[in-house]
file protein_38.csv (CSV, C-alpha atoms)
chain,number,residue,atom,x,y,z
A,1347,MET,CA,64.7,26.1,-66.4
A,1348,LYS,CA,64.4,24.6,-62.9
A,1349,LYS,CA,61.0,23.1,-63.8
A,1350,LEU,CA,62.5,21.6,-67.0
A,1351,CYS,CA,65.3,20.0,-65.1
A,1352,LEU,CA,63.0,18.6,-62.5
A,1353,THR,CA,60.7,17.3,-65.3
A,1354,VAL,CA,63.6,15.5,-67.1
A,1355,LEU,CA,64.9,14.1,-63.8
A,1356,GLY,CA,61.4,12.9,-63.0
A,1357,LEU,CA,61.0,11.2,-66.4
A,1358,PHE,CA,64.4,9.5,-66.0
A,1359,THR,CA,63.6,8.3,-62.5
A,1360,THR,CA,60.3,6.9,-63.7
A,1361,LEU,CA,62.0,5.1,-66.6
A,1362,VAL,CA,64.6,3.6,-64.2
A,1363,TYR,CA,62.2,2.4,-61.7
A,1364,ALA,CA,59.7,1.2,-64.3
A,1365,THR,CA,62.3,-1.1,-65.8
A,1366,ASP,CA,61.9,-4.7,-64.7
A,1367,ASN,CA,65.3,-6.5,-64.9
A,1368,SER,CA,64.1,-9.8,-63.4
A,1369,ASN,CA,63.8,-11.5,-66.9
A,1370,PHE,CA,67.5,-10.8,-67.5
A,1371,GLN,CA,68.7,-11.4,-64.0
A,1372,GLN,CA,67.9,-15.1,-64.4
A,1373,PHE,CA,70.6,-15.2,-67.2
A,1374,GLU,CA,73.0,-12.6,-65.9
A,1375,ASN,CA,73.3,-13.5,-62.2
A,1376,GLN,CA,75.6,-16.3,-62.9
A,1377,TYR,CA,79.2,-17.7,-62.6
A,1378,ASN,CA,80.7,-20.1,-65.1
A,1379,LEU,CA,83.8,-22.0,-66.2
A,1380,GLY,CA,84.6,-21.8,-69.9
A,1381,TYR,CA,86.9,-23.5,-72.3
A,1382,GLU,CA,88.1,-21.4,-75.3
A,1383,PHE,CA,89.5,-22.5,-78.6
A,1384,SER,CA,91.1,-19.8,-80.8
A,1385,GLN,CA,93.1,-19.2,-83.9
A,1386,MET,CA,95.4,-16.2,-84.1
A,1387,THR,CA,97.2,-14.6,-87.1
A,1388,LEU,CA,100.6,-13.1,-86.4
A,1389,ILE,CA,102.3,-10.5,-88.7
A,1390,ASN,CA,105.7,-8.9,-89.0
A,1391,GLY,CA,107.0,-5.8,-90.6
A,1392,ALA,CA,107.7,-7.6,-93.9
A,1393,GLN,CA,103.9,-8.4,-94.0
A,1394,GLN,CA,104.6,-12.1,-93.5
A,1395,VAL,CA,101.9,-13.9,-91.5
A,1396,ALA,CA,101.9,-17.0,-89.4
A,1397,PRO,CA,99.1,-19.0,-87.7
A,1398,VAL,CA,98.7,-19.7,-84.0
A,1399,ASN,CA,96.4,-22.2,-82.4
A,1400,GLN,CA,95.7,-22.0,-78.6
A,1401,GLN,CA,93.3,-23.1,-75.9
A,1402,ALA,CA,92.4,-21.3,-72.7
A,1403,LEU,CA,90.4,-21.6,-69.5
A,1404,ASN,CA,88.0,-18.8,-68.6
A,1405,LEU,CA,86.4,-18.0,-65.3
A,1406,GLU,CA,83.5,-15.4,-65.3
A,1407,VAL,CA,81.3,-14.0,-62.5
A,1408,GLU,CA,78.4,-11.8,-63.6
A,1409,HIS,CA,75.7,-9.9,-61.7
A,1410,LEU,CA,72.8,-7.6,-62.7
A,1411,PHE,CA,71.3,-5.6,-59.9
A,1412,ALA,CA,67.6,-4.9,-59.8
A,1413,MET,CA,68.3,-1.2,-60.3
A,1414,GLY,CA,70.1,-1.9,-63.6
A,1415,ILE,CA,73.8,-1.8,-62.6
A,1416,TRP,CA,75.7,-4.6,-64.4
A,1417,LEU,CA,79.1,-6.0,-63.4
A,1418,ASP,CA,81.2,-8.7,-65.0
A,1419,ALA,CA,84.6,-10.0,-63.8
A,1420,ASN,CA,86.7,-12.3,-66.1
A,1421,LEU,CA,89.9,-14.2,-65.7
A,1422,ASN,CA,91.5,-16.0,-68.7
A,1423,MET,CA,94.6,-18.2,-68.9
A,1424,VAL,CA,96.1,-19.9,-71.9
A,1425,THR,CA,96.6,-23.6,-71.3
A,1426,SER,CA,97.8,-24.8,-74.8
A,1427,TYR,CA,99.8,-22.9,-77.4
A,1428,SER,CA,101.2,-23.8,-80.8
A,1429,GLN,CA,102.9,-21.7,-83.4
A,1430,PRO,CA,105.3,-22.5,-86.3
A,1431,VAL,CA,109.0,-21.8,-86.2
A,1432,LEU,CA,109.3,-18.1,-86.8
A,1433,GLY,CA,113.1,-17.7,-86.4
A,1434,PRO,CA,115.9,-18.1,-83.8
A,1435,SER,CA,114.6,-18.9,-80.3
A,1436,TYR,CA,116.2,-15.7,-78.8
A,1437,LEU,CA,113.7,-13.8,-80.8
A,1438,ASN,CA,110.6,-15.8,-81.5
A,1439,GLY,CA,110.7,-18.9,-79.2
A,1440,GLY,CA,107.6,-20.9,-80.0
A,1441,SER,CA,107.3,-24.6,-80.7
A,1442,GLY,CA,110.6,-25.3,-82.5
A,1443,GLY,CA,113.0,-22.4,-82.6
A,1444,GLN,CA,116.6,-23.4,-81.9
A,1445,GLY,CA,119.2,-21.5,-80.0
A,1446,THR,CA,123.0,-21.8,-80.5
A,1447,GLY,CA,125.7,-22.1,-78.0
A,1448,ASN,CA,125.1,-20.1,-74.9
A,1449,ASN,CA,122.5,-17.9,-76.6
A,1450,PRO,CA,120.5,-16.4,-73.7
A,1451,GLY,CA,117.4,-16.4,-75.9
A,1452,ASP,CA,116.9,-20.1,-75.0
A,1453,GLN,CA,115.5,-18.9,-71.8
A,1454,ALA,CA,112.4,-17.6,-73.7
A,1455,TYR,CA,112.0,-20.8,-75.6
A,1456,ALA,CA,108.7,-21.8,-73.8
A,1457,PHE,CA,107.0,-18.6,-75.0
A,1458,GLY,CA,105.7,-17.6,-78.4
A,1459,GLN,CA,104.8,-14.3,-80.1
A,1460,ASN,CA,101.2,-14.0,-78.7
A,1461,PRO,CA,101.7,-11.8,-75.6
A,1462,PHE,CA,98.2,-12.3,-74.2
A,1463,MET,CA,98.8,-15.4,-72.2
A,1464,TYR,CA,96.5,-14.3,-69.3
A,1465,SER,CA,94.1,-11.5,-68.7
A,1466,ALA,CA,92.0,-10.2,-65.8
A,1467,THR,CA,89.3,-7.7,-66.5
A,1468,MET,CA,86.3,-6.0,-65.0
A,1469,LYS,CA,83.3,-4.5,-66.8
A,1470,GLY,CA,80.7,-2.2,-65.3
A,1471,GLY,CA,77.7,-0.5,-66.9
A,1472,TYR,CA,74.0,0.3,-66.7
A,1473,ALA,CA,71.4,-2.0,-68.4
A,1474,PHE,CA,68.4,-0.4,-70.1
A,1475,SER,CA,65.4,-2.8,-70.7
A,1476,LEU,CA,63.2,-2.1,-73.8
A,1477,ALA,CA,60.5,-3.7,-75.8
A,1478,ASN,CA,58.5,-5.0,-72.8
A,1479,ASN,CA,61.7,-6.0,-71.1
A,1480,LYS,CA,62.6,-8.4,-73.9
A,1481,LEU,CA,65.5,-6.3,-75.2
A,1482,GLN,CA,68.4,-5.0,-73.1
A,1483,VAL,CA,71.1,-2.4,-74.0
A,1484,THR,CA,74.1,-2.1,-71.7
A,1485,PRO,CA,76.8,0.5,-72.3
A,1486,TYR,CA,79.8,-0.2,-70.1
A,1487,VAL,CA,83.4,0.6,-69.2
A,1488,MET,CA,86.2,-2.0,-68.9
A,1489,PHE,CA,89.5,-2.0,-67.2
A,1490,GLY,CA,92.1,-4.7,-66.3
A,1491,ARG,CA,95.5,-6.1,-66.9
A,1492,ASN,CA,96.8,-8.4,-69.6
A,1493,ALA,CA,100.1,-10.3,-69.8
A,1494,ASN,CA,102.7,-9.2,-72.3
A,1495,TRP,CA,104.6,-12.5,-72.4
A,1496,SER,CA,105.8,-12.6,-76.1
A,1497,SER,CA,109.3,-14.0,-76.3
A,1498,SER,CA,110.5,-10.8,-78.0
A,1499,THR,CA,109.3,-8.7,-75.0
A,1500,ILE,CA,110.9,-11.1,-72.5
A,1501,VAL,CA,114.3,-11.0,-74.3
A,1502,ALA,CA,114.2,-7.2,-74.9
A,1503,ASN,CA,113.3,-6.6,-71.2
A,1504,GLY,CA,116.3,-8.5,-70.0
A,1505,TYR,CA,114.5,-11.6,-68.7
A,1506,LYS,CA,113.0,-9.7,-65.8
A,1507,PRO,CA,110.3,-11.5,-63.7
A,1508,SER,CA,107.3,-12.1,-65.8
A,1509,GLY,CA,105.1,-10.0,-63.5
A,1510,THR,CA,106.8,-6.9,-64.9
A,1511,ASP,CA,105.7,-7.6,-68.5
A,1512,TYR,CA,102.1,-6.6,-68.8
A,1513,PHE,CA,99.5,-4.3,-70.4
A,1514,LEU,CA,97.2,-2.0,-68.5
A,1515,THR,CA,94.0,-2.1,-70.5
A,1516,GLY,CA,90.8,0.0,-70.6
A,1517,GLY,CA,87.9,0.4,-72.9
A,1518,LEU,CA,84.3,1.3,-73.8
A,1519,GLY,CA,81.7,-1.2,-75.0
A,1520,THR,CA,78.0,-1.9,-75.5
A,1521,ARG,CA,76.2,-5.2,-75.1
A,1522,VAL,CA,72.7,-5.9,-76.6
A,1523,ALA,CA,70.7,-8.9,-75.4
A,1524,TYR,CA,67.4,-10.3,-76.5
A,1525,LEU,CA,65.3,-12.9,-74.7
A,1526,VAL,CA,63.9,-15.8,-76.7
A,1527,GLY,CA,61.3,-17.4,-74.5
A,1528,ASP,CA,61.9,-18.0,-70.8
A,1529,SER,CA,65.2,-20.0,-71.0
A,1530,PHE,CA,67.2,-18.7,-74.0
A,1531,MET,CA,69.1,-15.4,-74.4
A,1532,LEU,CA,71.0,-14.1,-77.4
A,1533,TYR,CA,73.5,-11.3,-77.1
A,1534,ALA,CA,76.0,-9.2,-79.1
A,1535,ASP,CA,78.9,-7.3,-77.6
A,1536,GLU,CA,81.2,-4.7,-79.1
A,1537,LEU,CA,84.3,-3.4,-77.2
A,1538,VAL,CA,87.1,-1.0,-78.2
A,1539,SER,CA,90.0,-1.1,-75.7
A,1540,TYR,CA,93.5,0.2,-75.4
A,1541,ASN,CA,96.4,-2.0,-74.3
A,1542,TRP,CA,99.1,0.1,-72.8
A,1543,ASP,CA,102.5,-1.7,-72.7
A,1544,ASN,CA,104.1,-1.3,-69.3
A,1545,SER,CA,107.0,-3.8,-69.9
A,1546,GLY,CA,109.6,-1.0,-70.6
A,1547,ALA,CA,111.1,-3.2,-73.4
A,1548,ILE,CA,111.6,-0.4,-75.9
A,1549,LYS,CA,115.4,-0.5,-75.8
A,1550,ASP,CA,118.7,-2.2,-76.5
A,1551,ILE,CA,117.9,-5.4,-78.5
A,1552,GLN,CA,114.9,-3.8,-80.2
A,1553,THR,CA,117.0,-1.1,-81.9
A,1554,GLN,CA,120.0,-3.2,-82.8
A,1555,GLN,CA,120.4,-5.0,-86.1
A,1556,PRO,CA,119.9,-8.7,-86.7
A,1557,PRO,CA,121.0,-11.2,-85.7
A,1558,VAL,CA,121.4,-9.4,-82.4
A,1559,GLY,CA,118.1,-7.5,-82.3
A,1560,TYR,CA,115.1,-6.4,-84.2
A,1561,GLY,CA,116.3,-3.6,-86.5
A,1562,LYS,CA,113.6,-1.2,-85.3
A,1563,SER,CA,112.3,0.2,-82.0
A,1564,TYR,CA,108.7,-0.5,-81.2
A,1565,ALA,CA,106.3,-0.6,-78.3
A,1566,ALA,CA,103.6,-3.3,-78.0
A,1567,THR,CA,100.9,-0.8,-77.2
A,1568,ASN,CA,97.8,-1.4,-79.3
A,1569,TYR,CA,94.1,-0.7,-79.8
A,1570,GLN,CA,92.0,-3.8,-79.7
A,1571,MET,CA,88.5,-4.2,-81.3
A,1572,THR,CA,86.5,-7.1,-80.0
A,1573,THR,CA,83.2,-8.4,-81.4
A,1574,THR,CA,81.3,-11.2,-79.6
A,1575,LEU,CA,78.2,-13.1,-80.5
A,1576,GLY,CA,76.7,-15.5,-78.0
A,1577,ALA,CA,73.8,-17.4,-76.5
A,1578,LYS,CA,72.9,-18.6,-73.0
A,1579,TYR,CA,70.5,-21.4,-72.3
A,1580,ASN,CA,69.1,-22.1,-68.8
A,1581,VAL,CA,68.8,-25.9,-68.8
A,1582,THR,CA,67.2,-25.7,-65.4
A,1583,PRO,CA,66.6,-22.6,-63.2
A,1584,ASP,CA,70.1,-23.2,-61.6
A,1585,PHE,CA,72.2,-24.6,-64.5
A,1586,GLN,CA,73.3,-22.6,-67.5
A,1587,VAL,CA,75.1,-23.6,-70.8
A,1588,GLY,CA,76.7,-20.9,-72.9
A,1589,LEU,CA,78.3,-20.7,-76.4
A,1590,SER,CA,80.0,-17.7,-77.9
A,1591,GLY,CA,82.2,-16.7,-80.9
A,1592,PHE,CA,84.5,-13.8,-80.9
A,1593,TRP,CA,86.8,-11.8,-83.2
A,1594,ASN,CA,89.7,-9.6,-82.1
A,1595,ASN,CA,91.5,-7.1,-84.3
A,1596,TYR,CA,94.7,-5.3,-83.2
A,1597,GLN,CA,95.9,-1.9,-84.3
A,1598,HIS,CA,99.5,-1.4,-83.2
A,1599,GLN,CA,100.7,2.1,-82.3
A,1600,SER,CA,104.3,1.9,-83.5
A,1601,ASN,CA,106.5,0.5,-86.2
A,1602,ILE,CA,106.7,-3.3,-86.6
A,1603,SER,CA,110.1,-4.8,-86.9
A,1604,GLY,CA,110.8,-6.8,-90.1
A,1605,ILE,CA,111.6,-9.8,-87.9
A,1606,ALA,CA,109.4,-9.7,-84.8
A,1607,TYR,CA,105.8,-11.0,-85.1
A,1608,ILE,CA,102.8,-9.4,-83.4
A,1609,PRO,CA,99.1,-10.3,-83.2
A,1610,GLN,CA,96.9,-9.2,-86.1
A,1611,ASN,CA,93.5,-11.0,-85.7
A,1612,THR,CA,92.0,-13.7,-83.5
A,1613,PHE,CA,89.0,-15.8,-84.1
A,1614,GLY,CA,87.6,-18.1,-81.4
A,1615,GLU,CA,84.8,-19.8,-79.6
A,1616,THR,CA,84.0,-20.4,-76.0
A,1617,ILE,CA,81.9,-23.1,-74.3
A,1618,THR,CA,80.7,-22.4,-70.8
A,1619,LEU,CA,79.0,-24.3,-68.0
A,1620,GLY,CA,77.7,-22.3,-65.1
A,1621,LEU,CA,75.3,-21.9,-62.2
A,1622,THR,CA,72.8,-19.1,-61.8
A,1623,TYR,CA,72.0,-17.5,-58.4

call {"tool": "encode", "arguments": {"input": "protein_38.csv", "output": "structure tokens"}}
result
Amino acid sequence: MKKLCLTVLGLFTTLVYATDNSNFQQFENQYNLGYEFSQMTLINGAQQVAPVNQQALNLEVEHLFAMGIWLDANLNMVTSYSQPVLGPSYLNGGSGGQGTGNNPGDQAYAFGQNPFMYSATMKGGYAFSLANNKLQVTPYVMFGRNANWSSSTIVANGYKPSGTDYFLTGGLGTRVAYLVGDSFMLYADELVSYNWDNSGAIKDIQTQQPPVGYGKSYAATNYQMTTTLGAKYNVTPDFQVGLSGFWNNYQHQSNISGIAYIPQNTFGETITLGLTY
């Protein structure tokens, strides 16, 4: 048994040190600034849907160590947001909801029903190079923090400071990359994550009946499935251009109010300009 364990360990060690990651390091040792365009579908408990258009800035720092350890840090912030009028401003805010009198919901007027107005995440995994170091498979873990800044959460949470309305997020993913020549890389990324609502907004207005509240109690906690397809092109050894498309699907873990809208799907694309190192 001892000899078998030593043999397996030896084979694994040989595989690790025989892997040459230099071909992928020229693409994955980089930092970039990206601009994102996305379209989101919102849905409520009555199965009514509404479209959202938004734009965001994205900052990414990525590094692949020679031994195969892969790290990626990402910061995303929405810069432009537009949604249709979904109801009274104390509930749905957005681009045109109207409050009445001294309705405190007017304080949430600047926000809409997409809670994910910023995110900060970190990924870490191990890259396996295959097919003469042309193919790379990287299983990884992800953790981070996302905003929960939907107007319904802000109102239900009593207009506490926005820093208290957030999700803790964690997940597992796999990325597959393929080199096309010396300056072009294609990749696909699949991630399943869990967004745990820490806003504490499951109370009061969410359990009261309209027009005061939502008519149902619910938490914003959800599963998120993210599929990304992308390409990186090294224009020069130091300058990189990237293009990717992504799809998010959200599976919520509680009842949906007949009034409040929550994210259902997001489709988007990101253009990046970066430097390799």

call {"tool": "atom_distance", "arguments": {"input": "protein_38.csv", "atom1": "atom CA of Leu1575 of chain A", "atom2": "atom CA of Glu1382 of chain A"}}
result
13.9 Å

call {"tool": "closest_residue", "arguments": {"input": "protein_38.csv", "among": "A:His1409, A:Ala1502, A:Ala1473, A:Tyr1607", "to": "Leu1432 of chain A", "atoms": "all atoms listed in the file"}}
result
A:Tyr1607

call {"tool": "atom_distance", "arguments": {"input": "protein_38.csv", "atom1": "atom CA of Leu1619 of chain A", "atom2": "atom CA of Val1398 of chain A"}}
result
25.8 Å

call {"tool": "residues_near_point", "arguments": {"input": "protein_38.csv", "point": "(90.5, -7.1, -82.2)", "cutoff": "7 Å", "atoms": "only C-alpha atoms", "output": "list in words"}}
result
Gln1570, Met1571, Thr1572, Trp1593, Asn1594, Asn1595, Tyr1596, Asn1611 and Thr1612 of chain A

call {"tool": "residues_near_point", "arguments": {"input": "protein_38.csv", "point": "(64.7, -7.7, -67.7)", "cutoff": "8 Å", "atoms": "all atoms listed in the file", "output": "list of chain:residue names"}}
result
A:Thr1365, A:Asp1366, A:Asn1367, A:Ser1368, A:Asn1369, A:Phe1370, A:Gln1371, A:Ser1475, A:Asn1479, A:Lys1480, A:Leu1481, A:Gln1482

call {"tool": "atom_distance", "arguments": {"input": "protein_38.csv", "atom1": "atom CA of Tyr1533 of chain A", "atom2": "atom CA of Arg1521 of chain A"}}
result
7.0 Å

call {"tool": "closest_residue", "arguments": {"input": "protein_38.csv", "among": "A:Pro1609, A:Gly1471, A:Pro1397, A:Gly1458", "to": "Met1413 of chain A", "atoms": "all atoms listed in the file"}}
result
A:Gly1471

call {"tool": "closest_residue", "arguments": {"input": "protein_38.csv", "among": "A:Gln1385, A:Ile1415, A:Gly1391, A:Ser1545", "to": "Lys1506 of chain A", "atoms": "all atoms listed in the file"}}
result
A:Ser1545

call {"tool": "residues_around", "arguments": {"input": "protein_38.csv", "residues": "Arg1491 of chain A", "least_positions_apart": "4", "cutoff": "9 Å", "atoms": "all atoms listed in the file", "output": "PyMOL selection string"}}
result
chain A and resi 1464-1467+1512-1516+1541

call {"tool": "closest_residue", "arguments": {"input": "protein_38.csv", "among": "A:Tyr1569, A:Phe1530, A:Phe1457, A:Tyr1579", "to": "Val1424 of chain A", "atoms": "all atoms listed in the file"}}
result
A:Phe1457

call {"tool": "closest_residue", "arguments": {"input": "protein_38.csv", "among": "A:Leu1421, A:Leu1525, A:Tyr1540, A:Gln1459", "to": "Tyr1381 of chain A", "atoms": "only C-alpha atoms"}}
result
A:Leu1421
